[in-house]
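A.B. asks: For reference, this is start-v5.cif, and it has mmCIF, C-alpha atoms and all ligand atoms.
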```
data_run
loop_
_atom_site.group_PDB
_atom_site.id
_atom_site.type_symbol
_atom_site.label_atom_id
_atom_site.label_comp_id
_atom_site.auth_asym_id
_atom_site.auth_seq_id
_atom_site.Cartn_x
_atom_site.Cartn_y
_atom_site.Cartn_z
ATOM 1 C CA MET P 1 -1.962 29.977 15.752
ATOM 2 C CA PRO P 2 0.497 27.442 14.302
ATOM 3 C CA LEU P 3 -0.652 23.861 13.853
ATOM 4 C CA LYS P 4 0.738 21.788 16.738
ATOM 5 C CA LEU P 5 2.356 18.580 15.473
ATOM 6 C CA LEU P 6 3.530 15.308 16.988
ATOM 7 C CA ILE P 7 6.283 13.594 14.974
ATOM 8 C CA ASN P 8 6.421 9.816 15.573
ATOM 9 C CA GLY P 9 9.870 8.469 14.663
ATOM 10 C CA ALA P 10 11.453 11.880 15.316
ATOM 11 C CA GLY P 11 14.893 10.319 15.793
ATOM 12 C CA GLY P 12 14.957 8.736 12.322
ATOM 13 C CA ARG P 13 16.068 9.996 8.907
ATOM 14 C CA MET P 14 12.595 11.242 7.957
ATOM 15 C CA GLY P 15 11.923 12.447 11.510
ATOM 16 C CA HIS P 16 14.952 14.757 11.316
ATOM 17 C CA ALA P 17 13.864 16.063 7.901
ATOM 18 C CA LEU P 18 10.321 16.741 9.215
ATOM 19 C CA VAL P 19 11.537 18.625 12.301
ATOM 20 C CA SER P 20 13.983 20.691 10.244
ATOM 21 C CA CYS P 21 11.449 21.558 7.484
ATOM 22 C CA ALA P 22 8.719 22.391 10.028
ATOM 23 C CA ALA P 23 11.114 24.829 11.751
ATOM 24 C CA HIS P 24 11.084 26.941 8.561
ATOM 25 C CA ASP P 25 7.261 27.127 8.428
ATOM 26 C CA SER P 26 5.617 29.680 10.722
ATOM 27 C CA GLY P 27 2.301 27.843 10.303
ATOM 28 C CA LEU P 28 3.655 24.752 12.067
ATOM 29 C CA GLU P 29 5.029 23.961 15.507
ATOM 30 C CA VAL P 30 6.482 20.565 16.436
ATOM 31 C CA VAL P 31 5.443 20.204 20.072
ATOM 32 C CA ALA P 32 6.214 16.471 20.492
ATOM 33 C CA LYS P 33 9.230 14.609 19.083
ATOM 34 C CA ILE P 34 8.436 10.965 19.832
ATOM 35 C CA ASP P 35 10.667 7.970 19.327
ATOM 36 C CA VAL P 36 10.861 4.387 20.575
ATOM 37 C CA ALA P 37 11.155 5.115 24.321
ATOM 38 C CA ASP P 38 8.420 7.786 24.511
ATOM 39 C CA ASP P 39 4.702 7.636 25.351
ATOM 40 C CA PHE P 40 2.867 8.453 22.107
ATOM 41 C CA ALA P 41 -0.670 8.561 23.554
ATOM 42 C CA SER P 42 0.026 11.033 26.350
ATOM 43 C CA ALA P 43 2.092 13.313 24.068
ATOM 44 C CA LEU P 44 -0.850 13.411 21.653
ATOM 45 C CA THR P 45 -3.033 15.364 24.092
ATOM 46 C CA GLY P 46 -1.437 18.729 23.348
ATOM 47 C CA CYS P 47 -1.277 18.270 19.538
ATOM 48 C CA ASP P 48 -3.580 19.072 16.618
ATOM 49 C CA ALA P 49 -2.277 16.211 14.410
ATOM 50 C CA ALA P 50 0.366 13.476 14.291
ATOM 51 C CA ILE P 51 2.797 12.358 11.565
ATOM 52 C CA ASP P 52 4.121 8.769 11.614
ATOM 53 C CA PHE P 53 7.409 7.826 9.911
ATOM 54 C CA THR P 54 8.495 4.778 11.940
ATOM 55 C CA ASN P 55 8.177 1.161 10.824
ATOM 56 C CA ALA P 56 5.213 -0.983 9.829
ATOM 57 C CA SER P 57 4.767 -2.662 13.213
ATOM 58 C CA VAL P 58 4.392 0.712 14.970
ATOM 59 C CA THR P 59 1.789 2.452 12.784
ATOM 60 C CA VAL P 60 -1.336 0.539 13.861
ATOM 61 C CA GLY P 61 -0.834 1.386 17.561
ATOM 62 C CA ALA P 62 -0.277 5.035 16.624
ATOM 63 C CA ALA P 63 -3.396 5.075 14.432
ATOM 64 C CA GLU P 64 -5.531 3.522 17.187
ATOM 65 C CA ALA P 65 -4.253 6.058 19.727
ATOM 66 C CA CYS P 66 -5.061 8.904 17.284
ATOM 67 C CA ALA P 67 -8.548 7.486 16.647
ATOM 68 C CA ASP P 68 -9.195 7.203 20.416
ATOM 69 C CA ALA P 69 -8.025 10.809 20.905
ATOM 70 C CA GLY P 70 -9.834 12.148 17.801
ATOM 71 C CA LYS P 71 -6.568 13.470 16.285
ATOM 72 C CA PRO P 72 -5.920 13.488 12.499
ATOM 73 C CA LEU P 73 -2.942 11.446 11.306
ATOM 74 C CA VAL P 74 -0.487 11.474 8.392
ATOM 75 C CA ILE P 75 1.217 8.119 7.726
ATOM 76 C CA GLY P 76 4.420 7.995 5.694
ATOM 77 C CA THR P 77 5.612 4.637 7.008
ATOM 78 C CA THR P 78 5.665 1.832 4.410
ATOM 79 C CA GLY P 79 5.820 -1.981 4.372
ATOM 80 C CA HIS P 80 2.495 -2.792 6.071
ATOM 81 C CA ASN P 81 0.893 -6.193 5.546
ATOM 82 C CA ASP P 82 -2.791 -6.651 4.681
ATOM 83 C CA THR P 83 -3.831 -7.011 8.350
ATOM 84 C CA GLN P 84 -2.052 -3.790 9.297
ATOM 85 C CA ARG P 85 -3.596 -1.972 6.306
ATOM 86 C CA ALA P 86 -7.067 -3.173 7.331
ATOM 87 C CA ALA P 87 -6.524 -1.899 10.898
ATOM 88 C CA ILE P 88 -5.439 1.527 9.556
ATOM 89 C CA THR P 89 -8.513 1.623 7.281
ATOM 90 C CA ALA P 90 -10.722 0.835 10.301
ATOM 91 C CA CYS P 91 -9.228 3.788 12.224
ATOM 92 C CA ALA P 92 -10.017 6.058 9.256
ATOM 93 C CA THR P 93 -13.746 5.625 9.940
ATOM 94 C CA ARG P 94 -13.159 7.673 13.119
ATOM 95 C CA ILE P 95 -10.494 10.230 12.074
ATOM 96 C CA PRO P 96 -9.081 11.638 8.798
ATOM 97 C CA ILE P 97 -5.883 9.820 7.790
ATOM 98 C CA VAL P 98 -3.556 10.610 4.895
ATOM 99 C CA PHE P 99 -1.718 7.342 4.134
ATOM 100 C CA ALA P 100 0.735 7.759 1.272
ATOM 101 C CA PRO P 101 3.735 5.686 0.208
ATOM 102 C CA ASN P 102 5.366 8.820 -1.180
ATOM 103 C CA PHE P 103 4.775 12.480 -0.389
ATOM 104 C CA SER P 104 6.818 14.034 -3.202
ATOM 105 C CA ILE P 105 4.965 16.007 -5.864
ATOM 106 C CA GLY P 106 7.228 14.463 -8.519
ATOM 107 C CA VAL P 107 6.315 10.893 -7.542
ATOM 108 C CA ASN P 108 2.626 11.743 -7.404
ATOM 109 C CA THR P 109 3.012 13.073 -10.942
ATOM 110 C CA LEU P 110 4.720 9.773 -11.825
ATOM 111 C CA PHE P 111 1.666 7.907 -10.437
ATOM 112 C CA TRP P 112 -0.582 9.959 -12.756
ATOM 113 C CA LEU P 113 1.728 9.493 -15.771
ATOM 114 C CA THR P 114 1.954 5.735 -15.120
ATOM 115 C CA ALA P 115 -1.837 5.343 -15.245
ATOM 116 C CA LYS P 116 -1.977 7.419 -18.460
ATOM 117 C CA ALA P 117 0.871 5.494 -20.143
ATOM 118 C CA ALA P 118 -0.652 2.123 -19.200
ATOM 119 C CA ALA P 119 -3.985 3.161 -20.739
ATOM 120 C CA ILE P 120 -2.376 4.507 -23.942
ATOM 121 C CA LEU P 121 0.190 1.729 -24.504
ATOM 122 C CA GLY P 122 -2.218 -1.124 -23.769
ATOM 123 C CA PRO P 123 -1.708 -4.836 -23.087
ATOM 124 C CA GLU P 124 0.993 -5.414 -25.764
ATOM 125 C CA PHE P 125 3.615 -3.766 -23.542
ATOM 126 C CA ASP P 126 5.397 -5.778 -20.837
ATOM 127 C CA LEU P 127 5.453 -4.002 -17.459
ATOM 128 C CA GLU P 128 8.360 -3.917 -15.019
ATOM 129 C CA VAL P 129 8.976 -1.750 -11.930
ATOM 130 C CA VAL P 130 12.507 -1.132 -10.636
ATOM 131 C CA GLU P 131 13.317 0.717 -7.421
ATOM 132 C CA MET P 132 16.579 1.550 -5.660
ATOM 133 C CA HIS P 133 17.069 2.750 -2.089
ATOM 134 C CA HIS P 134 19.852 3.201 0.453
ATOM 135 C CA ARG P 135 21.422 0.180 2.131
ATOM 136 C CA LEU P 136 19.610 0.795 5.458
ATOM 137 C CA LYS P 137 16.049 0.521 4.135
ATOM 138 C CA LYS P 138 14.263 -2.332 5.888
ATOM 139 C CA ASP P 139 11.196 -3.121 3.739
ATOM 140 C CA ALA P 140 11.086 -4.266 0.112
ATOM 141 C CA PRO P 141 9.748 -3.512 -2.386
ATOM 142 C CA SER P 142 9.270 0.151 -1.493
ATOM 143 C CA GLY P 143 5.749 1.402 -0.795
ATOM 144 C CA THR P 144 6.075 3.594 -3.875
ATOM 145 C CA ALA P 145 7.022 0.636 -6.096
ATOM 146 C CA ARG P 146 4.059 -1.287 -4.689
ATOM 147 C CA ARG P 147 1.748 1.649 -5.493
ATOM 148 C CA LEU P 148 3.147 1.844 -9.045
ATOM 149 C CA ALA P 149 2.453 -1.875 -9.529
ATOM 150 C CA GLU P 150 -1.054 -1.414 -8.081
ATOM 151 C CA ILE P 151 -1.710 1.349 -10.641
ATOM 152 C CA LEU P 152 -0.453 -0.929 -13.451
ATOM 153 C CA SER P 153 -2.475 -3.934 -12.263
ATOM 154 C CA GLU P 154 -5.625 -1.780 -11.897
ATOM 155 C CA ALA P 155 -5.119 -0.582 -15.502
ATOM 156 C CA ARG P 156 -5.039 -4.226 -16.605
ATOM 157 C CA GLY P 157 -7.983 -5.330 -14.453
ATOM 158 C CA GLN P 158 -5.760 -7.637 -12.368
ATOM 159 C CA SER P 159 -5.140 -7.837 -8.631
ATOM 160 C CA TYR P 160 -1.722 -6.768 -7.323
ATOM 161 C CA ALA P 161 -1.138 -10.162 -5.691
ATOM 162 C CA GLU P 162 -1.861 -12.086 -8.903
ATOM 163 C CA ALA P 163 0.097 -9.823 -11.218
ATOM 164 C CA VAL P 164 3.326 -9.026 -9.377
ATOM 165 C CA ARG P 165 6.389 -11.248 -9.797
ATOM 166 C CA HIS P 166 9.227 -10.425 -7.418
ATOM 167 C CA GLY P 167 12.628 -10.810 -9.083
ATOM 168 C CA ARG P 168 13.559 -13.790 -11.230
ATOM 169 C CA GLU P 169 15.987 -16.620 -10.562
ATOM 170 C CA GLY P 170 16.784 -19.909 -12.251
ATOM 171 C CA MET P 171 14.761 -21.552 -15.049
ATOM 172 C CA VAL P 172 11.736 -19.300 -14.695
ATOM 173 C CA GLY P 173 10.516 -19.805 -18.262
ATOM 174 C CA GLU P 174 9.359 -17.136 -20.670
ATOM 175 C CA ARG P 175 7.808 -14.011 -19.347
ATOM 176 C CA THR P 176 3.998 -13.979 -19.530
ATOM 177 C CA SER P 177 2.142 -10.850 -20.651
ATOM 178 C CA ALA P 178 0.082 -10.963 -17.436
ATOM 179 C CA GLU P 179 2.972 -10.485 -15.038
ATOM 180 C CA ILE P 180 4.363 -7.238 -13.635
ATOM 181 C CA GLY P 181 8.029 -7.649 -12.742
ATOM 182 C CA MET P 182 9.180 -6.036 -9.498
ATOM 183 C CA HIS P 183 12.840 -5.477 -8.638
ATOM 184 C CA ALA P 184 14.278 -3.908 -5.477
ATOM 185 C CA LEU P 185 17.897 -2.698 -5.558
ATOM 186 C CA ARG P 186 19.684 -1.637 -2.368
ATOM 187 C CA GLY P 187 22.928 0.254 -1.864
ATOM 188 C CA GLY P 188 24.753 3.319 -0.645
ATOM 189 C CA ASP P 189 22.778 6.401 0.285
ATOM 190 C CA VAL P 190 20.201 6.456 -2.532
ATOM 191 C CA VAL P 191 17.186 8.441 -1.244
ATOM 192 C CA GLY P 192 14.747 6.805 -3.676
ATOM 193 C CA ASP P 193 14.717 5.985 -7.415
ATOM 194 C CA HIS P 194 11.725 4.467 -9.232
ATOM 195 C CA THR P 195 11.403 3.451 -12.880
ATOM 196 C CA VAL P 196 8.364 2.014 -14.645
ATOM 197 C CA ILE P 197 9.279 0.195 -17.865
ATOM 198 C CA PHE P 198 6.792 -0.418 -20.680
ATOM 199 C CA ALA P 199 8.559 -2.749 -23.156
ATOM 200 C CA ASN P 200 7.250 -3.924 -26.519
ATOM 201 C CA VAL P 201 8.991 -5.479 -29.513
ATOM 202 C CA GLY P 202 10.883 -2.635 -31.185
ATOM 203 C CA GLU P 203 10.367 0.066 -28.564
ATOM 204 C CA ARG P 204 10.415 0.795 -24.857
ATOM 205 C CA VAL P 205 9.106 3.622 -22.674
ATOM 206 C CA GLU P 206 10.699 4.290 -19.273
ATOM 207 C CA LEU P 207 9.291 6.703 -16.694
ATOM 208 C CA THR P 208 11.817 7.542 -13.975
ATOM 209 C CA HIS P 209 11.742 9.622 -10.809
ATOM 210 C CA LYS P 210 14.843 10.194 -8.649
ATOM 211 C CA ALA P 211 14.667 11.806 -5.228
ATOM 212 C CA SER P 212 17.886 13.447 -4.049
ATOM 213 C CA SER P 213 16.687 14.894 -0.725
ATOM 214 C CA ARG P 214 14.326 13.660 2.015
ATOM 215 C CA ASP P 215 13.088 17.247 2.330
ATOM 216 C CA THR P 216 10.849 16.617 -0.679
ATOM 217 C CA PHE P 217 8.981 13.920 1.319
ATOM 218 C CA ALA P 218 9.009 15.996 4.512
ATOM 219 C CA THR P 219 7.518 19.150 2.944
ATOM 220 C CA GLY P 220 4.838 16.994 1.275
ATOM 221 C CA ALA P 221 3.962 15.297 4.575
ATOM 222 C CA LEU P 222 3.779 18.676 6.345
ATOM 223 C CA ARG P 223 1.476 19.945 3.583
ATOM 224 C CA ALA P 224 -0.654 16.822 4.114
ATOM 225 C CA ALA P 225 -0.830 17.576 7.865
ATOM 226 C CA LYS P 226 -2.201 21.075 7.189
ATOM 227 C CA TRP P 227 -4.758 19.569 4.801
ATOM 228 C CA VAL P 228 -5.841 16.574 6.908
ATOM 229 C CA VAL P 229 -6.991 18.711 9.867
ATOM 230 C CA THR P 230 -9.637 20.284 7.580
ATOM 231 C CA GLN P 231 -11.081 16.932 6.453
ATOM 232 C CA PRO P 232 -13.856 14.660 7.754
ATOM 233 C CA PRO P 233 -12.925 11.097 8.794
ATOM 234 C CA GLY P 234 -11.718 8.990 5.867
ATOM 235 C CA LEU P 235 -8.671 7.415 4.263
ATOM 236 C CA TYR P 236 -6.876 9.780 1.879
ATOM 237 C CA ASP P 237 -3.619 9.796 -0.056
ATOM 238 C CA MET P 238 -1.362 12.455 -1.555
ATOM 239 C CA GLN P 239 -3.425 12.548 -4.760
ATOM 240 C CA ASP P 240 -6.300 13.878 -2.593
ATOM 241 C CA VAL P 241 -4.040 16.437 -0.879
ATOM 242 C CA LEU P 242 -2.788 17.700 -4.254
ATOM 243 C CA GLY P 243 -6.273 17.700 -5.796
ATOM 244 C CA LEU P 244 -5.224 15.224 -8.511
ATOM 245 C CA ARG P 245 -8.373 13.040 -8.254
HETATM 246 P P1 LIG P 301 14.550 5.317 10.207
HETATM 247 O O1 LIG P 301 14.857 3.900 10.569
HETATM 248 O O2 LIG P 301 15.665 6.280 9.981
HETATM 249 O O3 LIG P 301 13.601 5.966 11.321
HETATM 250 C C1 LIG P 301 12.561 5.294 11.967
HETATM 251 C C2 LIG P 301 12.468 5.848 13.379
HETATM 252 O O4 LIG P 301 11.329 5.272 14.028
HETATM 253 C C3 LIG P 301 13.700 5.514 14.242
HETATM 254 O O5 LIG P 301 14.190 6.678 14.885
HETATM 255 C C4 LIG P 301 13.160 4.513 15.244
HETATM 256 O O6 LIG P 301 13.809 4.559 16.516
HETATM 257 C C5 LIG P 301 11.704 5.009 15.355
HETATM 258 N N1 LIG P 301 10.830 4.040 16.007
HETATM 259 C C6 LIG P 301 10.911 2.674 15.987
HETATM 260 N N2 LIG P 301 9.952 2.141 16.777
HETATM 261 C C7 LIG P 301 9.258 3.192 17.295
HETATM 262 C C8 LIG P 301 8.146 3.277 18.181
HETATM 263 N N3 LIG P 301 7.574 2.179 18.702
HETATM 264 N N4 LIG P 301 7.671 4.501 18.487
HETATM 265 C C9 LIG P 301 8.249 5.618 17.977
HETATM 266 N N5 LIG P 301 9.321 5.595 17.140
HETATM 267 C C10 LIG P 301 9.802 4.395 16.804
HETATM 268 O O7 LIG P 301 13.624 5.229 8.912
HETATM 269 P P2 LIG P 301 13.276 6.387 7.843
HETATM 270 O O8 LIG P 301 14.234 6.324 6.712
HETATM 271 O O9 LIG P 301 13.072 7.683 8.558
HETATM 272 O O10 LIG P 301 11.893 5.831 7.278
HETATM 273 C C11 LIG P 301 10.801 5.622 8.140
HETATM 274 C C12 LIG P 301 9.631 5.052 7.342
HETATM 275 O O11 LIG P 301 9.184 6.029 6.391
HETATM 276 C C13 LIG P 301 9.977 3.802 6.524
HETATM 277 O O12 LIG P 301 8.870 2.942 6.522
HETATM 278 C C14 LIG P 301 10.211 4.366 5.115
HETATM 279 O O13 LIG P 301 9.990 3.411 4.099
HETATM 280 C C15 LIG P 301 9.166 5.455 5.094
HETATM 281 N N6 LIG P 301 9.385 6.531 4.119
HETATM 282 C C16 LIG P 301 8.277 7.027 3.512
HETATM 283 C C17 LIG P 301 8.377 8.102 2.659
HETATM 284 C C18 LIG P 301 7.120 8.690 2.077
HETATM 285 O O14 LIG P 301 7.178 9.693 1.302
HETATM 286 N N7 LIG P 301 5.935 8.150 2.416
HETATM 287 C C19 LIG P 301 9.625 8.670 2.397
HETATM 288 C C20 LIG P 301 10.753 8.150 3.028
HETATM 289 C C21 LIG P 301 10.617 7.073 3.918
#
```
Show me this structure written as structure tokens.
C.D. replies:
Amino acid sequence: MPLKLLINGAGGRMGHALVSCAAHDSGLEVVAKIDVADDFASALTGCDAAIDFTNASVTVGAAEACADAGKPLVIGTTGHNDTQRAAITACATRIPIVFAPNFSIGVNTLFWLTAKAAAILGPEFDLEVVEMHHRLKKDAPSGTARRLAEILSEARGQSYAEAVRHGREGMVGERTSAEIGMHALRGGDVVGDHTVIFANVGERVELTHKASSRDTFATGALRAAKWVVTQPPGLYDMQDVLGLR
């Protein structure tokens, strides 16, 4: 019996990629393609799990509907504020949720490498994160760039909010060793580029990932959907799905 899926945001760029990738997997069946004008909660009844790739203001309602219906959820949407994140975390006490800023295996490897490099290179290296996405992306910085900065700030024993400095303009003074620079570039049809820079006097390490197709995110999210239906309630990410913890 294929896993019956609801795709929330089915009319969007990621929604199209999810529907098309699921069509090539005999273990999956998309039974509900939901977008802005559709009733999410009633469509959920006939599904085993839902996948949300919409926008940040939509996810909490979807998560609450899934929690009320007892249906597992995969969240790919990014750009949530702290209140929205707390509401999603609360729903995860009732259902299993995979909430990941990036579903590609390559980026999840980059997360792992970033933690390793930060530990090896130590506090002498200045840290900067640069991301580039297509001109239509609405949130900034990307969820993946935020996660990279969280990994760097955790390695330094700092909080994300204290450490991150978004862009620089005017007489900003010398860079402090405590800050993590964050830069969001936008243009064209770039699917998603991320670079973490570790810069010291005399040398520099750069870790870069470039996505060239949304299918890499879609196949990862579909893999997460198959995994999440086997899990107890809780908040998980792609590192859990891939067994990288
Ligand atoms: P998009 O704008 O192309 O698609 C979003 C879709 O959601 C649209 O079709 C829109 O009509 C729909 N939508 C809006 N309100 C809705 C509602 N109330 N109910 C149902 N549908 C609604 O955007 P996209 O490029 O597909 O990206 C979607 C989200 O996924 C963004 O937050 C993006 O940053 C994120 N994203 C995450 C990953 C990842 O790996 N986690 C990868 C790519 C994109």
A.B. asks: Compare P:Gly167, P:Ala155, P:Phe53, P:Asp25 by their minimum atom-to-atom distance to P:Phe217, counting only C-alpha atoms, and give me the closest one.
C.D. replies: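 The shortest atom-to-atom distance to P:Phe217 comes from P:Phe53.
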A.B. asks: Using all atoms listed in the file, which residues have at least one atom no more than 8 Å from ligand LIG 301 (chain P)? Output them as a VMD selection string.
C.D. replies: chain P and resid 8 to 16 34 to 38 40 52 to 58 75 to 79 99 to 104 136 to 139 142 to 144 191 to 192 214 217 to 218 220 to 221
A.B. asks: Determine, counting only C-alpha atoms, which protein, DNA and RNA residues have an atom within 10 Å of an atom of P:Phe198; residues of the same chain fewer than 4 positions away are not included. Present the result as a ChimeraX atom specification.
C.D. replies: /P:114,117-118,121-129,203-207
A.B. asks: Could you take the residues named above and write them with C-alpha atoms, as a PDB file, keeping the file's coordinate frame?
C.D. replies:
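Done, and the output landed in out.pdb:
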```pdb
ATOM      1  CA  THR P 114       1.954   5.735 -15.120  1.00  0.00           C
ATOM      2  CA  ALA P 117       0.871   5.494 -20.143  1.00  0.00           C
ATOM      3  CA  ALA P 118      -0.652   2.123 -19.200  1.00  0.00           C
ATOM      4  CA  LEU P 121       0.190   1.729 -24.504  1.00  0.00           C
ATOM      5  CA  GLY P 122      -2.218  -1.124 -23.769  1.00  0.00           C
ATOM      6  CA  PRO P 123      -1.708  -4.836 -23.087  1.00  0.00           C
ATOM      7  CA  GLU P 124       0.993  -5.414 -25.764  1.00  0.00           C
ATOM      8  CA  PHE P 125       3.615  -3.766 -23.542  1.00  0.00           C
ATOM      9  CA  ASP P 126       5.397  -5.778 -20.837  1.00  0.00           C
ATOM     10  CA  LEU P 127       5.453  -4.002 -17.459  1.00  0.00           C
ATOM     11  CA  GLU P 128       8.360  -3.917 -15.019  1.00  0.00           C
ATOM     12  CA  VAL P 129       8.976  -1.750 -11.930  1.00  0.00           C
ATOM     13  CA  GLU P 203      10.367   0.066 -28.564  1.00  0.00           C
ATOM     14  CA  ARG P 204      10.415   0.795 -24.857  1.00  0.00           C
ATOM     15  CA  VAL P 205       9.106   3.622 -22.674  1.00  0.00           C
ATOM     16  CA  GLU P 206      10.699   4.290 -19.273  1.00  0.00           C
ATOM     17  CA  LEU P 207       9.291   6.703 -16.694  1.00  0.00           C
TER      18      LEU P 207
END
```
A.B. asks: Quick one: distance from atom CA of P:Leu110 to atom CA of P:Ala145 in Å, one decimal?
C.D. replies: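 Computing it gives 11.0 Å between the two atoms.
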A.B. asks: Out of P:Gly243, P:Gly70, P:Gly187, P:Gly234, which residue has the shortest atom-to-atom distance to P:Ile105 when counting all atoms listed in the file?
C.D. replies: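 For P:Ile105, the nearest of the candidates is P:Gly243.
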A.B. asks: Applying 10 Å and only C-alpha atoms, which residues near P:Trp112 remain after dropping the ones on its own chain fewer than 3 positions away? List them as a VMD selection string.
C.D. replies: chain P and resid 106 to 109 115 to 117 148 151 239 244 to 245
A.B. asks: Env of P:Glu154: 12 Å cut, atoms = only C-alpha atoms, seq-sep filter 4 positions within chain, self excluded. Answer as number ranges by chain.
C.D. replies: P: 114-116, 118-119, 147-150, 158-164, 180
A.B. asks: Produce a file of the selected residues containing C-alpha atoms, as an mmCIF file, in the frame of the given file.
C.D. replies:
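Contents of selection_23.cif, freshly written:
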```
data_model
loop_
_atom_site.group_PDB
_atom_site.id
_atom_site.type_symbol
_atom_site.label_atom_id
_atom_site.label_comp_id
_atom_site.auth_asym_id
_atom_site.auth_seq_id
_atom_site.Cartn_x
_atom_site.Cartn_y
_atom_site.Cartn_z
ATOM 1 C CA THR P 114 1.954 5.735 -15.120
ATOM 2 C CA ALA P 115 -1.837 5.343 -15.245
ATOM 3 C CA LYS P 116 -1.977 7.419 -18.460
ATOM 4 C CA ALA P 118 -0.652 2.123 -19.200
ATOM 5 C CA ALA P 119 -3.985 3.161 -20.739
ATOM 6 C CA ARG P 147 1.748 1.649 -5.493
ATOM 7 C CA LEU P 148 3.147 1.844 -9.045
ATOM 8 C CA ALA P 149 2.453 -1.875 -9.529
ATOM 9 C CA GLU P 150 -1.054 -1.414 -8.081
ATOM 10 C CA GLN P 158 -5.760 -7.637 -12.368
ATOM 11 C CA SER P 159 -5.140 -7.837 -8.631
ATOM 12 C CA TYR P 160 -1.722 -6.768 -7.323
ATOM 13 C CA ALA P 161 -1.138 -10.162 -5.691
ATOM 14 C CA GLU P 162 -1.861 -12.086 -8.903
ATOM 15 C CA ALA P 163 0.097 -9.823 -11.218
ATOM 16 C CA VAL P 164 3.326 -9.026 -9.377
ATOM 17 C CA ILE P 180 4.363 -7.238 -13.635
#
```
A.B. asks: Tell me which of P:Gly46, P:Gly181, P:Gly170, P:Pro233 sits closest to P:Val196, counting all atoms listed in the file.
C.D. replies: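 The answer is P:Gly181, which sits nearest to P:Val196.
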